[in-house]
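Listing of protein.csv, CSV, C-alpha atoms
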chain,number,residue,atom,x,y,z
A,1,MET,CA,113.9,68.6,101.6
A,2,ARG,CA,110.8,70.7,102.3
A,3,LEU,CA,111.2,74.2,103.5
A,4,HIS,CA,109.4,75.4,106.6
A,5,PRO,CA,106.3,77.5,105.5
A,6,THR,CA,107.7,80.6,107.2
A,7,ALA,CA,111.0,80.2,105.4
A,8,GLY,CA,109.3,79.7,102.1
A,9,LEU,CA,107.2,82.8,102.7
A,10,VAL,CA,110.3,84.9,103.5
A,11,LEU,CA,112.1,83.6,100.3
A,12,ARG,CA,109.1,84.4,98.1
A,13,ARG,CA,108.7,87.9,99.6
A,14,LEU,CA,112.5,88.5,99.2
A,15,GLY,CA,112.2,87.5,95.6
A,16,HIS,CA,109.2,89.8,95.1
A,17,GLY,CA,111.1,92.6,96.8
A,18,ALA,CA,114.1,92.1,94.5
A,19,VAL,CA,111.8,92.5,91.5
A,20,VAL,CA,110.3,95.7,93.1
A,21,LEU,CA,113.8,97.2,93.7
A,22,TRP,CA,114.9,96.4,90.1
A,23,ALA,CA,111.7,97.9,88.6
A,24,ALA,CA,112.0,101.1,90.7
A,25,PHE,CA,115.6,101.5,89.7
A,26,THR,CA,114.9,100.9,86.1
A,27,LEU,CA,111.9,103.2,85.9
A,28,ALA,CA,113.7,106.0,87.7
A,29,PHE,CA,116.7,105.6,85.4
A,30,LEU,CA,114.7,105.8,82.3
A,31,VAL,CA,112.5,108.8,83.5
A,32,LEU,CA,115.6,110.8,84.4
A,33,TYR,CA,117.1,110.3,81.0
A,34,VAL,CA,113.9,111.2,79.2
A,35,LEU,CA,113.7,114.6,81.0
A,36,PRO,CA,115.2,117.5,79.1
A,37,GLY,CA,118.6,118.8,80.2
A,38,ASP,CA,122.2,117.7,80.1
A,39,PRO,CA,123.9,116.3,83.3
A,40,VAL,CA,127.2,117.6,81.9
A,41,ALA,CA,126.0,121.2,82.5
A,42,ILE,CA,125.6,120.3,86.2
A,43,LEU,CA,129.0,118.8,86.4
A,44,LEU,CA,130.5,122.0,84.8
A,45,GLY,CA,128.8,124.3,87.2
A,46,GLY,CA,125.7,125.0,85.1
A,47,ASP,CA,127.5,126.6,82.1
A,48,GLN,CA,129.0,124.7,79.2
A,49,SER,CA,129.8,127.8,77.1
A,50,THR,CA,133.1,128.4,78.9
A,51,ALA,CA,134.3,124.8,78.6
A,52,THR,CA,136.2,123.6,75.7
A,53,PRO,CA,135.0,120.6,73.6
A,54,GLU,CA,137.9,118.6,75.1
A,55,GLU,CA,136.8,119.3,78.7
A,56,ILE,CA,133.2,118.4,77.9
A,57,ALA,CA,134.3,115.1,76.3
A,58,ALA,CA,136.5,114.4,79.3
A,59,VAL,CA,133.6,114.9,81.7
A,60,ARG,CA,131.3,112.7,79.6
A,61,ALA,CA,134.0,109.9,79.5
A,62,GLU,CA,134.6,110.2,83.3
A,63,TYR,CA,131.0,109.6,84.1
A,64,ASN,CA,130.3,107.2,81.2
A,65,LEU,CA,127.9,109.7,79.7
A,66,ASP,CA,129.4,109.1,76.3
A,67,ARG,CA,128.3,105.5,76.1
A,68,PRO,CA,125.0,104.1,74.9
A,69,LEU,CA,122.0,104.3,77.2
A,70,PHE,CA,121.8,100.6,77.8
A,71,VAL,CA,125.5,100.4,78.7
A,72,GLN,CA,125.0,103.3,81.2
A,73,TYR,CA,122.1,101.4,82.7
A,74,LEU,CA,124.1,98.2,83.1
A,75,LEU,CA,127.0,100.0,84.7
A,76,ALA,CA,124.7,101.9,87.1
A,77,LEU,CA,122.8,98.7,88.0
A,78,THR,CA,126.0,96.7,88.6
A,79,SER,CA,127.4,99.4,90.8
A,80,ALA,CA,124.1,99.5,92.8
A,81,LEU,CA,124.3,95.7,93.3
A,82,ARG,CA,127.7,96.3,94.9
A,83,PHE,CA,126.1,99.0,97.2
A,84,ASP,CA,128.0,101.7,95.3
A,85,LEU,CA,125.5,104.4,94.2
A,86,GLY,CA,128.2,106.8,93.0
A,87,ASN,CA,128.6,110.5,93.8
A,88,SER,CA,126.3,113.4,93.4
A,89,PHE,CA,126.7,115.4,90.2
A,90,ALA,CA,126.0,118.6,92.0
A,91,THR,CA,128.1,118.3,95.2
A,92,GLY,CA,130.5,115.4,94.4
A,93,GLN,CA,129.4,113.8,97.8
A,94,PRO,CA,128.9,110.1,97.9
A,95,VAL,CA,125.2,109.3,97.5
A,96,LEU,CA,125.0,107.1,100.6
A,97,GLU,CA,126.6,109.9,102.7
A,98,ALA,CA,124.1,112.4,101.4
A,99,ILE,CA,121.2,110.1,102.2
A,100,GLY,CA,122.7,109.3,105.7
A,101,ALA,CA,123.1,113.0,106.5
A,102,ALA,CA,119.5,113.8,105.5
A,103,LEU,CA,117.9,110.7,107.0
A,104,PRO,CA,117.7,111.7,110.8
A,105,SER,CA,115.7,114.8,110.2
A,106,THR,CA,113.2,112.8,108.0
A,107,VAL,CA,112.9,110.0,110.6
A,108,ALA,CA,112.2,112.5,113.3
A,109,LEU,CA,109.4,114.1,111.2
A,110,ALA,CA,108.0,110.7,110.3
A,111,VAL,CA,107.8,109.5,113.9
A,112,ALA,CA,106.4,112.8,115.1
A,113,ALA,CA,103.7,112.5,112.5
A,114,LEU,CA,103.0,108.7,112.7
A,115,VAL,CA,102.4,108.5,116.4
A,116,PRO,CA,99.6,111.2,116.6
A,117,ALA,CA,98.2,109.9,113.3
A,118,LEU,CA,97.7,106.4,114.8
A,119,VAL,CA,96.3,107.6,118.1
A,120,GLY,CA,94.1,110.2,116.6
A,121,GLY,CA,92.8,108.0,113.7
A,122,THR,CA,92.0,105.2,116.2
A,123,LEU,CA,90.3,107.5,118.6
A,124,LEU,CA,88.1,109.0,115.8
A,125,ALA,CA,87.1,105.6,114.5
A,126,VAL,CA,86.2,104.3,118.0
A,127,LEU,CA,84.2,107.5,118.7
A,128,ALA,CA,82.3,107.2,115.3
A,129,VAL,CA,81.4,103.6,115.9
A,130,ASN,CA,80.4,104.2,119.5
A,131,ALA,CA,78.3,107.3,118.8
A,132,ARG,CA,74.7,106.9,120.0
A,133,ARG,CA,73.2,109.6,117.9
A,134,PRO,CA,72.9,109.0,114.2
A,135,ALA,CA,73.7,112.6,113.3
A,136,LEU,CA,76.9,112.6,115.4
A,137,ARG,CA,77.9,109.2,113.9
A,138,ALA,CA,77.4,110.4,110.4
A,139,LEU,CA,79.5,113.6,111.1
A,140,LEU,CA,82.4,111.7,112.6
A,141,SER,CA,82.3,109.1,109.8
A,142,GLU,CA,82.7,111.8,107.2
A,143,LEU,CA,85.7,113.5,108.8
A,144,PRO,CA,88.3,110.9,107.6
A,145,GLY,CA,87.2,111.4,104.0
A,146,LEU,CA,87.6,115.1,104.3
A,147,GLY,CA,91.0,114.7,105.9
A,148,VAL,CA,92.2,112.5,103.0
A,149,ALA,CA,90.8,114.9,100.4
A,150,LEU,CA,92.6,118.0,101.7
A,151,PRO,CA,95.9,118.7,99.8
A,152,THR,CA,98.9,118.4,102.1
A,153,PHE,CA,100.6,121.6,100.8
A,154,TRP,CA,97.4,123.5,101.4
A,155,VAL,CA,97.1,122.2,105.0
A,156,GLY,CA,100.7,123.3,105.6
A,157,LEU,CA,100.2,126.8,104.2
A,158,MET,CA,97.0,127.2,106.3
A,159,LEU,CA,98.8,126.1,109.5
A,160,LEU,CA,101.6,128.5,108.7
A,161,GLN,CA,99.2,131.3,108.1
A,162,VAL,CA,97.3,130.8,111.4
A,163,PHE,CA,99.8,129.6,113.9
A,164,SER,CA,103.0,131.3,112.7
A,165,PHE,CA,102.1,134.5,110.9
A,166,ARG,CA,99.0,135.5,112.8
A,167,LEU,CA,99.3,134.0,116.3
A,168,GLY,CA,103.1,133.7,116.3
A,169,TRP,CA,103.0,130.5,118.5
A,170,VAL,CA,105.6,128.5,116.5
A,171,PRO,CA,108.5,129.5,114.1
A,172,ALA,CA,107.5,129.9,110.5
A,173,LEU,CA,110.1,128.4,108.1
A,174,GLY,CA,113.4,126.5,108.4
A,175,ALA,CA,113.2,126.2,112.2
A,176,GLU,CA,114.9,123.3,114.0
A,177,GLY,CA,114.2,121.7,117.3
A,178,LEU,CA,110.9,120.6,118.8
A,179,LEU,CA,109.0,123.9,118.0
A,180,GLY,CA,110.1,123.7,114.4
A,181,LEU,CA,108.8,120.1,114.2
A,182,VAL,CA,105.2,120.9,115.4
A,183,LEU,CA,103.7,122.3,112.2
A,184,PRO,CA,105.4,119.9,109.8
A,185,ALA,CA,104.4,116.9,111.9
A,186,ALA,CA,100.8,118.2,112.2
A,187,THR,CA,100.6,118.7,108.4
A,188,LEU,CA,101.8,115.2,107.7
A,189,ALA,CA,99.8,113.6,110.5
A,190,LEU,CA,96.4,114.9,109.3
A,191,PRO,CA,96.1,112.9,106.0
A,192,LEU,CA,97.8,109.8,107.7
A,193,GLY,CA,95.4,110.0,110.6
A,194,ALA,CA,92.4,110.3,108.2
A,195,MET,CA,93.6,107.2,106.3
A,196,VAL,CA,94.0,105.3,109.6
A,197,ALA,CA,90.5,106.3,110.7
A,198,GLN,CA,89.0,105.3,107.3
A,199,VAL,CA,90.6,101.8,107.5
A,200,LEU,CA,89.6,101.2,111.1
A,201,LEU,CA,86.1,102.6,110.7
A,202,ARG,CA,85.3,100.1,107.9
A,203,ALA,CA,86.9,97.3,109.8
A,204,LEU,CA,85.1,98.1,113.0
A,205,ASP,CA,81.8,98.2,111.2
A,206,ARG,CA,82.5,94.7,109.9
A,207,ALA,CA,83.7,93.4,113.2
A,208,TRP,CA,80.7,94.8,115.0
A,209,ARG,CA,78.4,92.7,112.8
A,210,GLU,CA,80.3,89.4,113.6
A,211,GLN,CA,78.4,86.6,115.3
A,212,TYR,CA,80.7,86.5,118.3
A,213,VAL,CA,80.1,90.2,119.0
A,214,THR,CA,76.4,89.5,118.9
A,215,THR,CA,76.9,86.6,121.4
A,216,PHE,CA,78.9,88.8,123.8
A,217,ARG,CA,76.3,91.5,123.6
A,218,ALA,CA,73.5,89.0,124.4
A,219,ALA,CA,75.6,87.8,127.4
A,220,GLY,CA,75.5,91.4,128.8
A,221,MET,CA,78.9,92.7,127.9
A,222,GLY,CA,78.9,96.5,127.6
A,223,ARG,CA,79.4,98.2,124.3
A,224,PRO,CA,82.5,100.2,125.2
A,225,ARG,CA,84.2,97.1,126.8
A,226,LEU,CA,83.3,94.9,123.9
A,227,LEU,CA,84.5,97.5,121.4
A,228,LEU,CA,87.9,98.0,123.0
A,229,SER,CA,88.6,94.4,124.1
A,230,HIS,CA,87.5,92.6,120.9
A,231,ALA,CA,86.4,94.7,118.0
A,232,VAL,CA,89.5,97.0,118.0
A,233,ARG,CA,91.8,94.1,118.2
A,234,VAL,CA,90.2,92.5,115.2
A,235,ALA,CA,90.1,95.8,113.2
A,236,SER,CA,93.8,96.4,113.9
A,237,LEU,CA,94.5,93.5,111.5
A,238,SER,CA,93.1,95.6,108.7
A,239,LEU,CA,95.5,98.5,109.7
A,240,LEU,CA,98.4,96.1,109.7
A,241,SER,CA,97.5,94.9,106.2
A,242,VAL,CA,97.8,98.5,104.8
A,243,ALA,CA,101.1,99.3,106.5
A,244,GLY,CA,102.9,99.4,103.2
A,245,VAL,CA,100.4,102.0,101.8
A,246,ILE,CA,100.8,104.1,105.0
A,247,THR,CA,104.6,103.9,104.6
A,248,GLY,CA,104.3,105.0,100.9
A,249,ASN,CA,102.2,108.0,101.9
A,250,LEU,CA,104.5,108.9,104.7
A,251,LEU,CA,107.6,108.9,102.4
A,252,GLY,CA,105.7,110.9,99.7
A,253,GLY,CA,104.3,113.3,102.3
A,254,THR,CA,107.8,114.2,103.6
A,255,VAL,CA,108.7,115.6,100.2
A,256,ILE,CA,105.8,118.1,100.2
A,257,VAL,CA,106.1,119.0,103.9
A,258,GLU,CA,109.8,119.5,103.9
A,259,THR,CA,109.5,121.7,100.8
A,260,VAL,CA,106.7,123.8,102.2
A,261,PHE,CA,108.4,124.4,105.5
A,262,THR,CA,112.0,124.6,104.0
A,263,ARG,CA,113.0,121.8,106.3
A,264,SER,CA,116.1,119.8,105.6
A,265,GLY,CA,115.6,116.1,105.1
A,266,LEU,CA,115.3,113.3,102.6
A,267,GLY,CA,112.3,114.8,100.9
A,268,ARG,CA,113.9,118.1,100.4
A,269,LEU,CA,117.0,116.4,99.1
A,270,ALA,CA,114.9,114.4,96.6
A,271,GLU,CA,113.2,117.6,95.4
A,272,SER,CA,116.5,119.4,94.8
A,273,ALA,CA,118.0,116.3,93.1
A,274,VAL,CA,115.1,116.0,90.7
A,275,SER,CA,115.2,119.7,89.9
A,276,SER,CA,118.9,119.6,89.1
A,277,GLN,CA,118.7,116.3,87.3
A,278,ASP,CA,121.2,114.8,89.7
A,279,ILE,CA,120.9,111.2,88.4
A,280,PRO,CA,123.0,109.3,90.9
A,281,LEU,CA,121.4,111.1,93.9
A,282,VAL,CA,117.8,110.5,92.6
A,283,LEU,CA,118.5,106.9,91.9
A,284,GLY,CA,119.9,106.5,95.4
A,285,ILE,CA,116.9,108.0,97.0
A,286,VAL,CA,114.5,105.9,94.9
A,287,VAL,CA,116.4,102.7,95.8
A,288,PHE,CA,116.4,103.7,99.5
A,289,SER,CA,112.7,104.4,99.5
A,290,ALA,CA,112.0,101.1,97.7
A,291,VAL,CA,114.1,99.2,100.2
A,292,VAL,CA,112.1,100.7,103.1
A,293,PHE,CA,108.8,99.8,101.3
A,294,VAL,CA,110.0,96.2,100.8
A,295,LEU,CA,111.1,95.8,104.4
A,296,VAL,CA,107.9,97.2,105.8
A,297,ASN,CA,105.8,94.8,103.6
A,298,LEU,CA,108.1,91.9,104.6
A,299,ALA,CA,107.6,92.7,108.3
A,300,THR,CA,103.9,92.9,107.7
A,301,ASP,CA,103.7,89.5,106.0
A,302,LEU,CA,105.6,88.0,108.9
A,303,LEU,CA,103.6,89.7,111.7
A,304,TYR,CA,100.2,89.1,110.2
A,305,PRO,CA,100.1,85.4,110.9
A,306,LEU,CA,101.2,86.0,114.5
A,307,ALA,CA,98.3,88.5,114.9
A,308,ASP,CA,95.8,86.4,113.1
A,309,PRO,CA,96.3,82.6,113.6
A,310,ARG,CA,93.8,81.9,110.8
A,311,THR,CA,96.3,83.0,108.2
A,312,ARG,CA,99.2,80.9,109.4
A,313,PRO,CA,100.4,78.4,106.8
A,314,ALA,CA,99.4,74.8,107.6
A,315,VAL,CA,102.3,72.7,108.9
A,316,ARG,CA,101.8,68.9,108.4
A,317,THR,CA,102.7,66.8,111.4
A,318,ALA,CA,104.8,63.6,111.3
A,319,ALA,CA,101.6,61.5,111.5
A,320,GLN,CA,100.1,63.5,108.6
A,321,ARG,CA,103.3,63.0,106.5
A,322,ALA,CA,103.3,59.2,107.1
A,323,PRO,CA,102.4,57.2,104.1
A,324,GLU,CA,99.0,55.7,104.2
A,325,ALA,CA,98.5,51.9,104.2
A,326,PRO,CA,98.0,50.6,100.7
A,327,ARG,CA,94.4,49.7,100.0
A,328,PRO,CA,93.6,46.3,98.5
A,329,GLN,CA,93.1,46.3,94.8
A,330,HIS,CA,90.4,43.7,94.9
A,331,PRO,CA,87.5,43.3,97.4
A,332,VAL,CA,88.2,40.7,100.1
A,333,PRO,CA,85.5,38.0,100.1
A,334,SER,CA,83.7,37.6,103.3
A,335,PRO,CA,83.8,34.3,105.1
A,336,PRO,CA,81.0,31.9,104.2
A,337,THR,CA,78.1,31.8,106.7
A,338,GLU,CA,76.2,28.6,107.7
A,339,GLU,CA,72.6,28.5,107.0
A,340,VAL,CA,70.6,28.1,110.2
A,341,ARG,CA,67.8,25.7,109.8
A,342,ALA,CA,64.8,25.7,112.0

Starting from the coordinates I provided, produce the structure as structure tokens.
Amino acid sequence: MRLHPTAGLVLRRLGHGAVVLWAAFTLAFLVLYVLPGDPVAILLGGDQSTATPEEIAAVRAEYNLDRPLFVQYLLALTSALRFDLGNSFATGQPVLEAIGAALPSTVALAVAALVPALVGGTLLAVLAVNARRPALRALLSELPGLGVALPTFWVGLMLLQVFSFRLGWVPALGAEGLLGLVLPAATLALPLGAMVAQVLLRALDRAWREQYVTTFRAAGMGRPRLLLSHAVRVASLSLLSVAGVITGNLLGGTVIVETVFTRSGLGRLAESAVSSQDIPLVLGIVVFSAVVFVLVNLATDLLYPLADPRTRPAVRTAAQRAPEAPRPQHPVPSPPTEEVRA
């Protein structure tokens, strides 16, 4: 029984995703145990000097910290496979509840940054390609590289300095609501928009040199219409192919942005968990981020053939699957011909 090509693709991608999740979990687990510090100190309130040896031993036994590292790893991995990520060492709250409580704020920030990044990056790429003057085109083409190179924390500090401390237009730190979302979203949208513009600009340059574009231009189609109706559609495929990279930058950027603006969310939770060596919480955040990354890449793999029919897996028809007629093993002699005499 042969699987449908799409089903085979999904199964392969799910297998790759499972390997990615296992590798992310294993690497995070090992890194956390290599870091200096003792999780027992966190469980005892940061001070082991007032605890008796019996109390310390009881805490280690309760959280399996007295067992060999490999055994701890197997126990943690088995629990994760049962969707049980344990409880936070610092607060005692279940890890899934802590992630669920911090997730809405991070999702709001990600959406508020992703929408203007896509719109602004696309607009910048179209303007750069459509610019008539070489100097203006060169200037617009260099802006995405500058936006990617600027450190995110520096951009956030500059926006705070100008729009909060000097002009007083928006709240400074820790603000909630729409006004409190403006500067964090702008800080995160700048590098994302620059990345989108870089990808689209290169793709538009390639699409603009395609033969069909030359044909349409020779037929009299205007440059703006041709660019928007054909070239942008083709170039958007390149943007779809890097959706996983954009998602990774979006998740990583929230850690910096939420820390700079003292904004609650998944990034801030990850920063505090790493600082306090809260192993279950860090592992939970790493696994959750890896799941998001895998799902985005799976969706990209499924959507890409719909957007570009050339990449669809070939499906053999019933006629193509029918066995061919056996060929004769020996040449068939031709019938004798009569000699025509004059």

What are the closest atom pairs, with distances in Å to one decimal, for all residues of stretch 236-296 of chain A lying within 10 Å of stretch 65-85 of chain A? Consider only C-alpha atoms, order rows by chain and residue number, and present the result as a Markdown table.
| residue | atom | partner | partner_atom | distance |
| --- | --- | --- | --- | --- |
| A:Pro280 | CA | A:Leu85 | CA | 6.4 |
| A:Leu281 | CA | A:Leu85 | CA | 7.9 |
| A:Val282 | CA | A:Leu85 | CA | 10.0 |
| A:Leu283 | CA | A:Leu85 | CA | 7.8 |
| A:Gly284 | CA | A:Leu85 | CA | 6.1 |
| A:Ile285 | CA | A:Leu85 | CA | 9.7 |
| A:Val287 | CA | A:Ala80 | CA | 8.9 |

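In this comparison, which uses all atoms listed in the file, the residue of A:Trp154, A:Phe89, A:Phe25, A:Phe165 approaching A:Ser276 most closely is A:Phe89.
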
Inset, instruction - Identify the residues around (107.1, 111.5, 101.3) within a radius of 12 Å, measuring from all atoms listed in the file in the coordinates stated by the file, and give them as a ChimeraX atom specification. - result: /A:106-107,109-110,113,152,188-189,192,245-259,265-271,285-286,289,293

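Nearest residue to A:Ala149 among A:Leu190, A:Val162, A:Val170, A:Leu124 is A:Leu190, counting all atoms listed in the file.
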
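Residues lying at most 9 Å from (100.5, 117.0, 111.7) in file coordinates, with all atoms listed in the file considered, are Ala112, Ala113, Leu114, Pro116, Ala117, Gly156, Val182, Leu183, Pro184, Ala185, Ala186, Thr187, Leu188, Ala189, Leu190, Pro191, Leu192 and Gly193 of chain A.
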
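When all atoms listed in the file are used to measure the gap to A:Thr122, the shortest distance among A:Ile99, A:Leu32, A:Leu159, A:Met195 belongs to A:Met195.
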
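Among the candidate residues A:Pro39, A:Arg166, A:Glu142, A:Ala125, the one lying nearest to A:Ile56 is A:Pro39, with distances computed using all atoms listed in the file.
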
Legend entry - Length of the atom CA of A:Leu239 to atom CA of A:Arg12 vector [Å]: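 Rounded to one decimal, the two atoms are 22.8 Å apart.
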
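Distances here use all atoms listed in the file; by that measure, the residue among A:Gln198, A:Ser264, A:Ser272, A:Ser88 closest to A:Leu146 is A:Gln198.
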
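Interatomic distance, atom CA of A:Phe163 to atom CA of A:Gly147: 19.1 Å.
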
Inset, instruction - Give me, please, the distance in Å between atom CA of A:Gly15 and atom CA of A:Val199, quoted to one decimal. - result: 28.5 Å

Legend entry - Nearest-residue call for A:Gly180, choices A:Ser105, A:Thr52, A:Asn130, A:Gln161, using all atoms listed in the file: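 Closest residue, counting all atoms listed in the file: A:Ser105.
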
Set the distance at 12 Å and use all atoms listed in the file: which residues neighbour A:Leu201 once local chain neighbours fewer than 3 positions away are removed? I'd like the list as a tab-separated table (two decimals) with C-alpha atoms, in the coordinates of the input.
chain	number	residue	atom	x	y	z
A	121	GLY	CA	92.80	108.00	113.70
A	122	THR	CA	92.00	105.20	116.20
A	123	LEU	CA	90.30	107.50	118.60
A	124	LEU	CA	88.10	109.00	115.80
A	125	ALA	CA	87.10	105.60	114.50
A	126	VAL	CA	86.20	104.30	118.00
A	127	LEU	CA	84.20	107.50	118.70
A	128	ALA	CA	82.30	107.20	115.30
A	129	VAL	CA	81.40	103.60	115.90
A	130	ASN	CA	80.40	104.20	119.50
A	137	ARG	CA	77.90	109.20	113.90
A	138	ALA	CA	77.40	110.40	110.40
A	140	LEU	CA	82.40	111.70	112.60
A	141	SER	CA	82.30	109.10	109.80
A	142	GLU	CA	82.70	111.80	107.20
A	143	LEU	CA	85.70	113.50	108.80
A	144	PRO	CA	88.30	110.90	107.60
A	145	GLY	CA	87.20	111.40	104.00
A	193	GLY	CA	95.40	110.00	110.60
A	194	ALA	CA	92.40	110.30	108.20
A	195	MET	CA	93.60	107.20	106.30
A	196	VAL	CA	94.00	105.30	109.60
A	197	ALA	CA	90.50	106.30	110.70
A	198	GLN	CA	89.00	105.30	107.30
A	204	LEU	CA	85.10	98.10	113.00
A	205	ASP	CA	81.80	98.20	111.20
A	206	ARG	CA	82.50	94.70	109.90
A	207	ALA	CA	83.70	93.40	113.20
A	208	TRP	CA	80.70	94.80	115.00
A	227	LEU	CA	84.50	97.50	121.40
A	231	ALA	CA	86.40	94.70	118.00
A	232	VAL	CA	89.50	97.00	118.00
A	234	VAL	CA	90.20	92.50	115.20
A	235	ALA	CA	90.10	95.80	113.20
A	236	SER	CA	93.80	96.40	113.90
A	238	SER	CA	93.10	95.60	108.70
A	239	LEU	CA	95.50	98.50	109.70

Inset, instruction - Just the residues within 12 Å of A:Val34, please, counting only C-alpha atoms, with nothing from its chain fewer than 4 positions along; format it as a ChimeraX atom specification. - result: /A:27-30,38-39,69,277,279

Kindly reconstruct stretch 24-31 of chain A with all heavy atoms and present the result as a compact mmCIF listing (two decimals), in the frame of the given file.
# COMPACT_ATOMS: atom_id res chain seq x y z
N ALA A 24 111.87 99.66 90.31
CA ALA A 24 112.00 101.10 90.70
C ALA A 24 113.23 101.70 90.20
O ALA A 24 113.22 102.84 89.71
CB ALA A 24 111.94 101.13 92.26
N PHE A 25 114.35 100.99 90.26
CA PHE A 25 115.60 101.50 89.70
C PHE A 25 115.53 101.75 88.24
O PHE A 25 115.93 102.81 87.74
CB PHE A 25 116.74 100.52 90.08
CG PHE A 25 118.10 100.95 89.61
CD1 PHE A 25 118.91 101.70 90.42
CD2 PHE A 25 118.56 100.62 88.34
CE1 PHE A 25 120.17 102.12 90.00
CE2 PHE A 25 119.80 101.02 87.91
CZ PHE A 25 120.62 101.78 88.74
N THR A 26 114.99 100.78 87.52
CA THR A 26 114.90 100.90 86.10
C THR A 26 114.01 102.03 85.63
O THR A 26 114.35 102.83 84.74
CB THR A 26 114.42 99.57 85.46
OG1 THR A 26 115.30 98.52 85.87
CG2 THR A 26 114.38 99.63 83.95
N LEU A 27 112.85 102.14 86.27
CA LEU A 27 111.90 103.20 85.90
C LEU A 27 112.48 104.57 86.19
O LEU A 27 112.38 105.50 85.36
CB LEU A 27 110.59 102.99 86.64
CG LEU A 27 109.46 103.96 86.31
CD1 LEU A 27 109.09 103.86 84.84
CD2 LEU A 27 108.24 103.69 87.18
N ALA A 28 113.11 104.73 87.36
CA ALA A 28 113.70 106.00 87.70
C ALA A 28 114.83 106.37 86.74
O ALA A 28 114.97 107.54 86.32
CB ALA A 28 114.22 105.99 89.13
N PHE A 29 115.64 105.40 86.37
CA PHE A 29 116.70 105.60 85.40
C PHE A 29 116.22 106.12 84.09
O PHE A 29 116.73 107.10 83.52
CB PHE A 29 117.55 104.36 85.28
CG PHE A 29 118.77 104.50 84.41
CD1 PHE A 29 119.98 104.88 84.94
CD2 PHE A 29 118.69 104.25 83.04
CE1 PHE A 29 121.11 105.01 84.13
CE2 PHE A 29 119.80 104.38 82.23
CZ PHE A 29 121.02 104.76 82.77
N LEU A 30 115.20 105.46 83.57
CA LEU A 30 114.70 105.80 82.30
C LEU A 30 113.99 107.20 82.30
O LEU A 30 114.14 108.01 81.38
CB LEU A 30 113.68 104.77 81.78
CG LEU A 30 114.28 103.38 81.48
CD1 LEU A 30 113.19 102.40 81.09
CD2 LEU A 30 115.34 103.48 80.39
N VAL A 31 113.24 107.47 83.36
CA VAL A 31 112.50 108.80 83.50
C VAL A 31 113.55 109.91 83.52
O VAL A 31 113.37 110.96 82.89
CB VAL A 31 111.63 108.77 84.69
CG1 VAL A 31 111.13 110.18 84.99
CG2 VAL A 31 110.44 107.84 84.47
